[in-house]
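Student: Following this message is one structure expressed as structure tokens.
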Amino acid sequence: MAVHPSTPRDPGSGDLGISDVLNLVRDCTAALSSVRQEVGAATEAQLLDLVSELGELALWSDAAEVAVVGDALTRGLPAASQVPLSPADWIATASRRHTRGSASRVVKIAEALRSPTITRPAGALAPGQDGEVLGEAILGAVVPLPCGQVAMDEMRRLAPDLQPAFVPAAWEAYALVGAVGDPREVRRIRPELYARFGRPDRLNDRDEGARKHAFLSTGAVDPVDGLTDYRMSLSAESAAILEAALDRLTKPQPGPDGGADPRSYPTRRADALIELVRRATTHGVVPTVAPDTGAGLQGDGPGHPAADRPAAERPAAGRPASQVSLIVRLSDLRDEDGCATTITGLDAGRYLSIATARLLSCNTMLAPIIVDEHGTPIIIGHSKRLFTSQQVRAMQLRDDGCSFLHCTRPAGWADAHHLIHWADGGATEIDNGALLCNYHHHVVHSRRLAGWVTTDPPDDTLGRPPGSSETSDAEDLARRRDRGEPAAADRPAGPPRVHWDLTPGSYDRLLAARAGGSAA
């Protein structure tokens with residue numbers, strides 16, 4: 001816990017009277033009001049001196065303000081004014097710098113520095129108290145006021161759980177770290193102090209209490225940006241498990257064009273958490289409420305719809321046990337315009353883009369209710385479109401993980417994706433499937449990238465999707481001859497693999513080529 005606090009300079013001898021001090025403060029205020037007019041003529045050295053002196057002035061100004069407010073509180077001035085006021089209102093009325101909220105923070109520090117009286121005990125930072133070292137550091141402009149406020153709050157939470165003999169040492173630690181001037185550093189040391197100086201019985205109670213008070217809020221949806229805000233607090237044990245699980249999944253992955261991962265670290269963490277949830281719901285038996293009765297649990301046992309199907313035709317063990325129900329207009333689904341609406345669960349009423357609905361349908365039991373322009377249901381239910389366990393295993397053997405260029409996600413963390421989407425007439429067959437990790441699955445859908453299974457070598461730039469009319473066989477032969485290579489028909493076929501066209505919109509061109517071939 002190495003820190004390097006700065007040592008403030010003594011601003012004066014202390015022989016000035018209060019009238020002299022007040023006049024000097026006014027002169028200082030007048031001088032500061034002219035800085036912006038004069039700073040243009042300053043040398044580099046003078047600018048550096050100004051920055052240093054202004055910083056010192058701000059620290060001493062805060063410390064002096066706390067001392068003044070503390071004395072006013074001791075005299076009872078706020079309550080004795082012509083119109084009795086609370087201490088915070090009294091400060092906010094006298095100083096245009098403060099609102100009631102900011103003044104309350106000054107009052108809190110000043111109250112903690114007050115000496116005992118007949119009617120009230122000494123404050124936590126008053127002379128003779130365990131926190132005296134922090135109080136002196138605040139009044140001496142060693143610890144900035146924001147750091148002092150954080151240190152007080154941290155000690156208020158920490159002190160009851162410390163061994164009494166070590167309470168002074170904890171205050172000293174906060175005074176030392178507070179001198180660095182960063183409230184974040186002040187907050188970071190509480191776990192270390194707790195571990196070093198905490199009462200053993202309280203440590204156990206803390207862990208038990210943390211488990212009882214852990215929570216995850218329901219999502220609050222922002223209707224403008226589409227984000228859903230959650231709040232979560234976890235016990236130390238749960239946090240360690242979560243961080244260990246997230247660690248591997250937050251590593252950067254190849255970007256959409258094969259370059260660096262464009263996602264920020266917080267975004268990668270959010271994606272990793274959803275990936276964990278996705279894996280948990282797809283690689284195990286997740287009980288669900290029976291939709292017909294609204295009660296009771298159903299798994300994979302007798303009576304479950306999937307249990308009555310042949311094993312080879314059941315959705316893969318890695319397929320979701322949850323179901324998302326959507327309402328979508330036929331014209332929107334056909335034209336990929338408009339939006340879909342969720343109708344079940346806590347998320348009912350959420351609007352999803354058609355692209356998001358298509359992404360969900362790759363690996364979610366999606367039950368769409370398709371309506372016409374007047375809202376009349378046309379189709380209710382879902383067709384067979386999830387890959388079976390045998391198909392997924394075959395793709396795992398073929399793709400050996402996420403099939404996107406340079407991605408290293410293992411097969412167990414990848415979803416089966418329809419190369420030609422089922423909504424576009426694509427079949428649920430191995431040759432129309434590819435494994436994609438969650439991130440690259442979003443990339444493929446958002447950029448509308450085309451992929452196809454080929455036996456051409458990985459360095460073959462002439463491979464083209466089935467049904468494509470971009471080049472004819474004659475053109476293919478001519479180009480290969482120019483490169484001194486055998487024609488496609490003369491070359492031995494390699495192992496099947498998935499090739500991705502990373503050009504945005506390549507999927508739409510593939511659909512157009514297929515439509516042109518079908519028309520011909």
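By convention in this document, the chains of the structure tokens carry letters A, B, ... by their order, each chain's residues are numbered from 1, and ligands are numbered from 1 in the order they are shown.
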Enumerate, as number ranges by chain, the complete set of residues in range 116-164 of chain A that a backbone-based DSSP assignment places in helix (DSSP H, G or I).

Tutor: A: 132-139, 145-161, 164

Student: Between CA of Leu145 in chain A and CA of Ala63 in chain A, measure the distance and give it in Å to one decimal.

Tutor: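 Answer for the CA of Leu145 in chain A to CA of Ala63 in chain A separation: 7.4 Å.
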
Student: Measuring atom to atom with only C-alpha atoms, identify which of A:Ala214, A:Leu273, A:Ala94, A:Ala31 is nearest to Thr250 in chain A.

Tutor: A:Leu273

Student: Counting only C-alpha atoms, what is within 6 Å of range 402-412 of chain A, bar same-chain residues fewer than 2 positions away, as a ChimeraX atom specification?

Tutor: /A:396,399-400,414,435-437

Student: Could you write out the selected residues, including N, CA and C atoms, as a short mmCIF file (atom, residue, chain, number, x, y, z; two decimals), in the first residue's frame?

Tutor:
data_model
loop_
_atom_site.label_atom_id
_atom_site.label_comp_id
_atom_site.auth_asym_id
_atom_site.auth_seq_id
_atom_site.Cartn_x
_atom_site.Cartn_y
_atom_site.Cartn_z
N GLN A 396 -19.65 -29.69 -34.77
CA GLN A 396 -18.52 -29.53 -33.86
C GLN A 396 -17.28 -30.25 -34.39
N ASP A 399 -16.25 -28.03 -37.65
CA ASP A 399 -15.77 -26.65 -37.46
C ASP A 399 -14.75 -26.53 -36.34
N ASP A 400 -14.76 -27.48 -35.38
CA ASP A 400 -13.79 -27.47 -34.28
C ASP A 400 -13.81 -26.15 -33.51
N ALA A 414 -20.09 -22.35 -28.72
CA ALA A 414 -20.59 -21.82 -30.00
C ALA A 414 -22.01 -22.30 -30.24
N LEU A 435 -21.00 -23.22 -36.80
CA LEU A 435 -20.86 -22.85 -35.41
C LEU A 435 -20.30 -21.43 -35.30
N LEU A 436 -20.92 -20.62 -34.44
CA LEU A 436 -20.47 -19.25 -34.20
C LEU A 436 -20.55 -18.95 -32.71
N CYS A 437 -19.51 -18.31 -32.17
CA CYS A 437 -19.60 -17.84 -30.79
C CYS A 437 -20.61 -16.70 -30.73
#

Student: Point out the residue among A:Asp20, A:Asp153, A:Asp161, A:Asp508 with the least atom-to-atom distance to Asp424 in chain A, counting only C-alpha atoms.

Tutor: A:Asp508

Student: Which residue gives the smallest distance to Ala88 in chain A among A:Arg329, A:Lys108, A:His418, A:Arg190, with only C-alpha atoms counted?

Tutor: A:Lys108

Student: Can you pull out every residue within 8 Å of Ala170 in chain A, counting only C-alpha atoms, but drop anything in the same chain fewer than 3 positions away, and send it as a list in words?

Tutor: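 Non-adjacent residues within range: Met155, Phe166, Val167, Ala173, Tyr174 and Leu193 of chain A.
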
Student: Those residues you just picked out, can you put them in a file as a PDB file, in the first residue's frame with C-alpha atoms?

Tutor:
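Final output, result_39.pdb:
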ATOM      1  CA  MET A 155     -14.606   3.971   8.512  1.00  0.00           C
ATOM      2  CA  PHE A 166      -6.444  -1.655  15.453  1.00  0.00           C
ATOM      3  CA  VAL A 167      -9.015   1.136  14.975  1.00  0.00           C
ATOM      4  CA  ALA A 173      -4.145   4.338   6.901  1.00  0.00           C
ATOM      5  CA  TYR A 174      -7.049   6.423   5.607  1.00  0.00           C
ATOM      6  CA  LEU A 193      -8.080  -3.267   6.260  1.00  0.00           C
TER       7      LEU A 193
END

Student: Would you please work out which residue, of A:Val221, A:Ile118, A:Ala110, A:Ile327, is nearest to Val68 in chain A when using only C-alpha atoms?

Tutor: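 Closest to Val68 in chain A of all the choices is A:Ala110.
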
Student: Suppose you want the space between CA of Phe387 in chain A and CA of Ile420 in chain A; what is it in Å?

Tutor: 13.4 Å

Student: Please, which residues of range 37-245 of chain A, numbered as in this document, come out strand (DSSP E) from DSSP, as a ChimeraX atom specification?

Tutor: /A:215-216,220-221,228-229,232-233

Student: If we count only C-alpha atoms, what is near Gln253 in chain A at a cut-off of 10 Å, once residues fewer than 4 positions away on the same chain are taken out, given as a list of chain:residue names?

Tutor: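 After dropping sequence-adjacent residues, the list is A:Leu249, A:Gly258, A:Gly259, A:Ala260, A:Asp261, A:Pro262, A:Arg263, A:Arg268, A:His406, A:Cys407, A:Thr408, A:Arg409, A:Tyr439, A:His440.
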
Student: Go ahead and save the picked residues with all heavy atoms, as a CSV table (one decimal), in the first residue's frame.

Tutor:
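part_21.csv was written with the following content:
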chain,number,residue,atom,x,y,z
A,249,LEU,N,-13.6,-15.2,-20.9
A,249,LEU,CA,-14.5,-14.7,-22.0
A,249,LEU,C,-14.4,-13.3,-22.3
A,249,LEU,O,-15.0,-12.8,-23.3
A,249,LEU,CB,-15.9,-15.1,-21.6
A,249,LEU,CG,-16.3,-16.5,-21.4
A,249,LEU,CD1,-17.7,-16.7,-20.9
A,249,LEU,CD2,-16.1,-17.3,-22.7
A,258,GLY,N,-11.8,-9.1,-39.2
A,258,GLY,CA,-10.6,-9.9,-38.9
A,258,GLY,C,-9.6,-9.1,-38.1
A,258,GLY,O,-8.5,-9.7,-37.7
A,259,GLY,N,-9.8,-7.8,-37.8
A,259,GLY,CA,-8.8,-7.0,-37.1
A,259,GLY,C,-9.0,-7.0,-35.6
A,259,GLY,O,-9.5,-8.0,-35.1
A,260,ALA,N,-8.6,-5.9,-34.9
A,260,ALA,CA,-8.8,-5.9,-33.5
A,260,ALA,C,-10.2,-5.8,-33.1
A,260,ALA,O,-11.1,-5.4,-33.8
A,260,ALA,CB,-8.0,-4.6,-33.0
A,261,ASP,N,-10.4,-6.3,-31.9
A,261,ASP,CA,-11.8,-6.3,-31.3
A,261,ASP,C,-12.2,-4.9,-31.0
A,261,ASP,O,-11.6,-4.2,-30.3
A,261,ASP,CB,-11.8,-7.1,-30.0
A,261,ASP,CG,-13.2,-7.5,-29.5
A,261,ASP,OD1,-14.1,-6.7,-29.8
A,261,ASP,OD2,-13.4,-8.5,-28.9
A,262,PRO,N,-13.3,-4.4,-31.6
A,262,PRO,CA,-13.7,-3.0,-31.4
A,262,PRO,C,-14.5,-2.8,-30.1
A,262,PRO,O,-14.7,-1.6,-29.8
A,262,PRO,CB,-14.6,-2.8,-32.6
A,262,PRO,CG,-15.2,-4.1,-32.9
A,262,PRO,CD,-14.2,-5.1,-32.6
A,263,ARG,N,-14.8,-3.8,-29.4
A,263,ARG,CA,-15.6,-3.7,-28.2
A,263,ARG,C,-14.7,-3.2,-27.0
A,263,ARG,O,-13.6,-3.5,-26.9
A,263,ARG,CB,-16.2,-5.0,-27.8
A,263,ARG,CG,-17.2,-5.6,-28.8
A,263,ARG,CD,-17.6,-7.0,-28.4
A,263,ARG,NE,-16.5,-7.9,-28.3
A,263,ARG,CZ,-16.5,-9.1,-27.8
A,263,ARG,NH1,-17.7,-9.5,-27.2
A,263,ARG,NH2,-15.5,-9.9,-27.8
A,268,ARG,N,-17.2,-6.1,-23.4
A,268,ARG,CA,-16.8,-7.5,-23.5
A,268,ARG,C,-17.3,-8.2,-22.2
A,268,ARG,O,-17.7,-9.4,-22.3
A,268,ARG,CB,-15.3,-7.6,-23.6
A,268,ARG,CG,-14.8,-7.0,-25.0
A,268,ARG,CD,-13.4,-7.6,-25.3
A,268,ARG,NE,-12.4,-7.5,-24.3
A,268,ARG,CZ,-11.6,-6.5,-24.1
A,268,ARG,NH1,-11.7,-5.4,-25.0
A,268,ARG,NH2,-10.7,-6.5,-23.2
A,406,HIS,N,-10.2,-16.7,-37.6
A,406,HIS,CA,-9.2,-16.5,-36.6
A,406,HIS,C,-9.8,-16.6,-35.2
A,406,HIS,O,-9.1,-16.4,-34.2
A,406,HIS,CB,-8.5,-15.1,-36.7
A,406,HIS,CG,-7.8,-15.0,-38.0
A,406,HIS,ND1,-7.0,-15.9,-38.5
A,406,HIS,CD2,-7.8,-13.9,-38.8
A,406,HIS,CE1,-6.5,-15.5,-39.7
A,406,HIS,NE2,-7.0,-14.3,-39.9
A,407,CYS,N,-11.1,-16.9,-35.0
A,407,CYS,CA,-11.7,-17.0,-33.7
A,407,CYS,C,-11.3,-18.3,-33.0
A,407,CYS,O,-11.2,-19.3,-33.7
A,407,CYS,CB,-13.2,-16.9,-33.7
A,407,CYS,SG,-14.0,-16.9,-32.1
A,408,THR,N,-11.0,-18.2,-31.7
A,408,THR,CA,-10.5,-19.4,-31.0
A,408,THR,C,-11.5,-20.0,-30.0
A,408,THR,O,-11.1,-20.8,-29.2
A,408,THR,CB,-9.2,-19.1,-30.3
A,408,THR,OG1,-9.4,-18.0,-29.3
A,408,THR,CG2,-8.1,-18.6,-31.2
A,409,ARG,N,-12.7,-19.5,-30.0
A,409,ARG,CA,-13.7,-20.0,-29.1
A,409,ARG,C,-14.0,-21.5,-29.4
A,409,ARG,O,-14.2,-21.9,-30.5
A,409,ARG,CB,-15.1,-19.2,-29.2
A,409,ARG,CG,-15.0,-17.9,-28.6
A,409,ARG,CD,-15.2,-18.0,-27.1
A,409,ARG,NE,-15.5,-16.7,-26.5
A,409,ARG,CZ,-14.6,-15.9,-26.0
A,409,ARG,NH1,-13.3,-16.2,-26.0
A,409,ARG,NH2,-15.0,-14.7,-25.4
A,439,TYR,N,-20.4,-13.6,-29.8
A,439,TYR,CA,-20.0,-12.3,-30.4
A,439,TYR,C,-20.1,-12.3,-31.9
A,439,TYR,O,-20.6,-11.4,-32.6
A,439,TYR,CB,-18.6,-11.9,-29.9
A,439,TYR,CG,-18.0,-10.7,-30.6
A,439,TYR,CD1,-18.7,-9.5,-30.6
A,439,TYR,CD2,-16.8,-10.8,-31.3
A,439,TYR,CE1,-18.1,-8.4,-31.3
A,439,TYR,CE2,-16.2,-9.7,-31.9
A,439,TYR,CZ,-16.9,-8.5,-31.9
A,439,TYR,OH,-16.4,-7.4,-32.6
A,440,HIS,N,-19.5,-13.3,-32.5
A,440,HIS,CA,-19.4,-13.4,-34.0
A,440,HIS,C,-20.8,-13.7,-34.6
A,440,HIS,O,-21.1,-13.4,-35.7
A,440,HIS,CB,-18.3,-14.4,-34.4
A,440,HIS,CG,-17.0,-13.8,-34.2
A,440,HIS,ND1,-16.0,-14.5,-33.5
A,440,HIS,CD2,-16.4,-12.6,-34.6
A,440,HIS,CE1,-14.9,-13.8,-33.5
A,440,HIS,NE2,-15.1,-12.6,-34.2

Student: Excluding same-chain residues fewer than 2 positions from Arg497 in chain A, what lies within 9 Å of it counting only C-alpha atoms, as a PyMOL selection string?

Tutor: chain A and resi 398-399+403+434+452-458+494-495+499

Student: Please write the residues from the selection above to a file, keeping N, CA, C and O atoms, as a PDB file, in the first residue's frame.

Tutor:
ATOM      1  N   ARG A 398     -16.698 -30.879 -37.564  1.00  0.00           N
ATOM      2  CA  ARG A 398     -16.263 -30.202 -38.789  1.00  0.00           C
ATOM      3  C   ARG A 398     -15.601 -28.848 -38.502  1.00  0.00           C
ATOM      4  O   ARG A 398     -14.522 -28.551 -39.012  1.00  0.00           O
ATOM      5  N   ASP A 399     -16.249 -28.027 -37.651  1.00  0.00           N
ATOM      6  CA  ASP A 399     -15.772 -26.654 -37.459  1.00  0.00           C
ATOM      7  C   ASP A 399     -14.750 -26.533 -36.336  1.00  0.00           C
ATOM      8  O   ASP A 399     -13.962 -25.578 -36.316  1.00  0.00           O
ATOM      9  N   SER A 403     -16.547 -20.850 -36.257  1.00  0.00           N
ATOM     10  CA  SER A 403     -16.028 -20.928 -37.628  1.00  0.00           C
ATOM     11  C   SER A 403     -15.598 -19.583 -38.177  1.00  0.00           C
ATOM     12  O   SER A 403     -15.079 -19.514 -39.302  1.00  0.00           O
ATOM     13  N   ALA A 434     -23.462 -23.642 -39.347  1.00  0.00           N
ATOM     14  CA  ALA A 434     -22.093 -23.293 -38.967  1.00  0.00           C
ATOM     15  C   ALA A 434     -22.090 -22.918 -37.495  1.00  0.00           C
ATOM     16  O   ALA A 434     -23.067 -22.366 -36.978  1.00  0.00           O
ATOM     17  N   TRP A 452     -20.756 -20.150 -46.332  1.00  0.00           N
ATOM     18  CA  TRP A 452     -21.166 -21.378 -46.999  1.00  0.00           C
ATOM     19  C   TRP A 452     -20.130 -22.460 -46.743  1.00  0.00           C
ATOM     20  O   TRP A 452     -18.975 -22.177 -46.409  1.00  0.00           O
ATOM     21  N   VAL A 453     -20.549 -23.689 -46.835  1.00  0.00           N
ATOM     22  CA  VAL A 453     -19.661 -24.830 -46.632  1.00  0.00           C
ATOM     23  C   VAL A 453     -18.980 -25.146 -47.947  1.00  0.00           C
ATOM     24  O   VAL A 453     -19.622 -25.245 -48.999  1.00  0.00           O
ATOM     25  N   THR A 454     -17.660 -25.261 -47.900  1.00  0.00           N
ATOM     26  CA  THR A 454     -16.883 -25.517 -49.110  1.00  0.00           C
ATOM     27  C   THR A 454     -15.812 -26.550 -48.805  1.00  0.00           C
ATOM     28  O   THR A 454     -15.447 -26.762 -47.648  1.00  0.00           O
ATOM     29  N   THR A 455     -15.302 -27.181 -49.865  1.00  0.00           N
ATOM     30  CA  THR A 455     -14.173 -28.107 -49.727  1.00  0.00           C
ATOM     31  C   THR A 455     -12.916 -27.518 -50.349  1.00  0.00           C
ATOM     32  O   THR A 455     -11.903 -28.199 -50.444  1.00  0.00           O
ATOM     33  N   ASP A 456     -12.995 -26.241 -50.778  1.00  0.00           N
ATOM     34  CA  ASP A 456     -11.812 -25.588 -51.329  1.00  0.00           C
ATOM     35  C   ASP A 456     -10.807 -25.314 -50.214  1.00  0.00           C
ATOM     36  O   ASP A 456     -11.181 -25.133 -49.048  1.00  0.00           O
ATOM     37  N   PRO A 457      -9.530 -25.250 -50.566  1.00  0.00           N
ATOM     38  CA  PRO A 457      -8.516 -24.953 -49.555  1.00  0.00           C
ATOM     39  C   PRO A 457      -8.755 -23.578 -48.934  1.00  0.00           C
ATOM     40  O   PRO A 457      -9.344 -22.693 -49.563  1.00  0.00           O
ATOM     41  N   PRO A 458      -8.297 -23.357 -47.702  1.00  0.00           N
ATOM     42  CA  PRO A 458      -8.529 -22.076 -47.037  1.00  0.00           C
ATOM     43  C   PRO A 458      -7.987 -20.875 -47.789  1.00  0.00           C
ATOM     44  O   PRO A 458      -8.514 -19.784 -47.671  1.00  0.00           O
ATOM     45  N   GLY A 494     -10.915 -31.020 -50.446  1.00  0.00           N
ATOM     46  CA  GLY A 494     -10.387 -31.020 -49.095  1.00  0.00           C
ATOM     47  C   GLY A 494     -11.490 -31.280 -48.092  1.00  0.00           C
ATOM     48  O   GLY A 494     -12.646 -31.511 -48.460  1.00  0.00           O
ATOM     49  N   PRO A 495     -11.172 -31.252 -46.825  1.00  0.00           N
ATOM     50  CA  PRO A 495     -12.217 -31.450 -45.809  1.00  0.00           C
ATOM     51  C   PRO A 495     -13.198 -30.279 -45.843  1.00  0.00           C
ATOM     52  O   PRO A 495     -12.814 -29.136 -46.118  1.00  0.00           O
ATOM     53  N   HIS A 499     -16.705 -21.100 -45.080  1.00  0.00           N
ATOM     54  CA  HIS A 499     -16.020 -19.906 -45.575  1.00  0.00           C
ATOM     55  C   HIS A 499     -16.945 -18.704 -45.377  1.00  0.00           C
ATOM     56  O   HIS A 499     -18.145 -18.779 -45.660  1.00  0.00           O
TER      57      HIS A 499
END

Student: Got a sec: who's within 12 Å of Ser217 in chain A, counting only C-alpha atoms, leaving out chain neighbours fewer than 4 positions off, as a VMD selection string?

Tutor: chain A and resid 228 to 234

Student: Next, dump the selected residues to file, keeping only N, CA, C and O atoms, as an mmCIF file, in the first residue's frame.

Tutor:
data_model
loop_
_atom_site.group_PDB
_atom_site.id
_atom_site.type_symbol
_atom_site.label_atom_id
_atom_site.label_comp_id
_atom_site.auth_asym_id
_atom_site.auth_seq_id
_atom_site.Cartn_x
_atom_site.Cartn_y
_atom_site.Cartn_z
ATOM 1 N N THR A 228 -31.044 -1.897 -21.123
ATOM 2 C CA THR A 228 -31.732 -2.270 -19.894
ATOM 3 C C THR A 228 -30.734 -2.246 -18.755
ATOM 4 O O THR A 228 -29.690 -2.898 -18.822
ATOM 5 N N ASP A 229 -31.037 -1.474 -17.716
ATOM 6 C CA ASP A 229 -30.109 -1.277 -16.612
ATOM 7 C C ASP A 229 -30.430 -2.236 -15.476
ATOM 8 O O ASP A 229 -31.571 -2.319 -15.024
ATOM 9 N N TYR A 230 -29.403 -2.963 -15.010
ATOM 10 C CA TYR A 230 -29.527 -3.867 -13.866
ATOM 11 C C TYR A 230 -28.562 -3.422 -12.766
ATOM 12 O O TYR A 230 -27.491 -2.875 -13.060
ATOM 13 N N ARG A 231 -28.944 -3.692 -11.522
ATOM 14 C CA ARG A 231 -28.045 -3.485 -10.395
ATOM 15 C C ARG A 231 -27.841 -4.828 -9.709
ATOM 16 O O ARG A 231 -28.778 -5.602 -9.548
ATOM 17 N N MET A 232 -26.591 -5.081 -9.284
ATOM 18 C CA MET A 232 -26.275 -6.377 -8.696
ATOM 19 C C MET A 232 -25.254 -6.197 -7.589
ATOM 20 O O MET A 232 -24.300 -5.433 -7.730
ATOM 21 N N SER A 233 -25.467 -6.884 -6.486
ATOM 22 C CA SER A 233 -24.489 -6.954 -5.404
ATOM 23 C C SER A 233 -24.309 -8.422 -5.040
ATOM 24 O O SER A 233 -25.288 -9.145 -4.847
ATOM 25 N N LEU A 234 -23.055 -8.849 -4.938
ATOM 26 C CA LEU A 234 -22.746 -10.253 -4.693
ATOM 27 C C LEU A 234 -21.859 -10.405 -3.474
ATOM 28 O O LEU A 234 -21.100 -9.493 -3.119
#
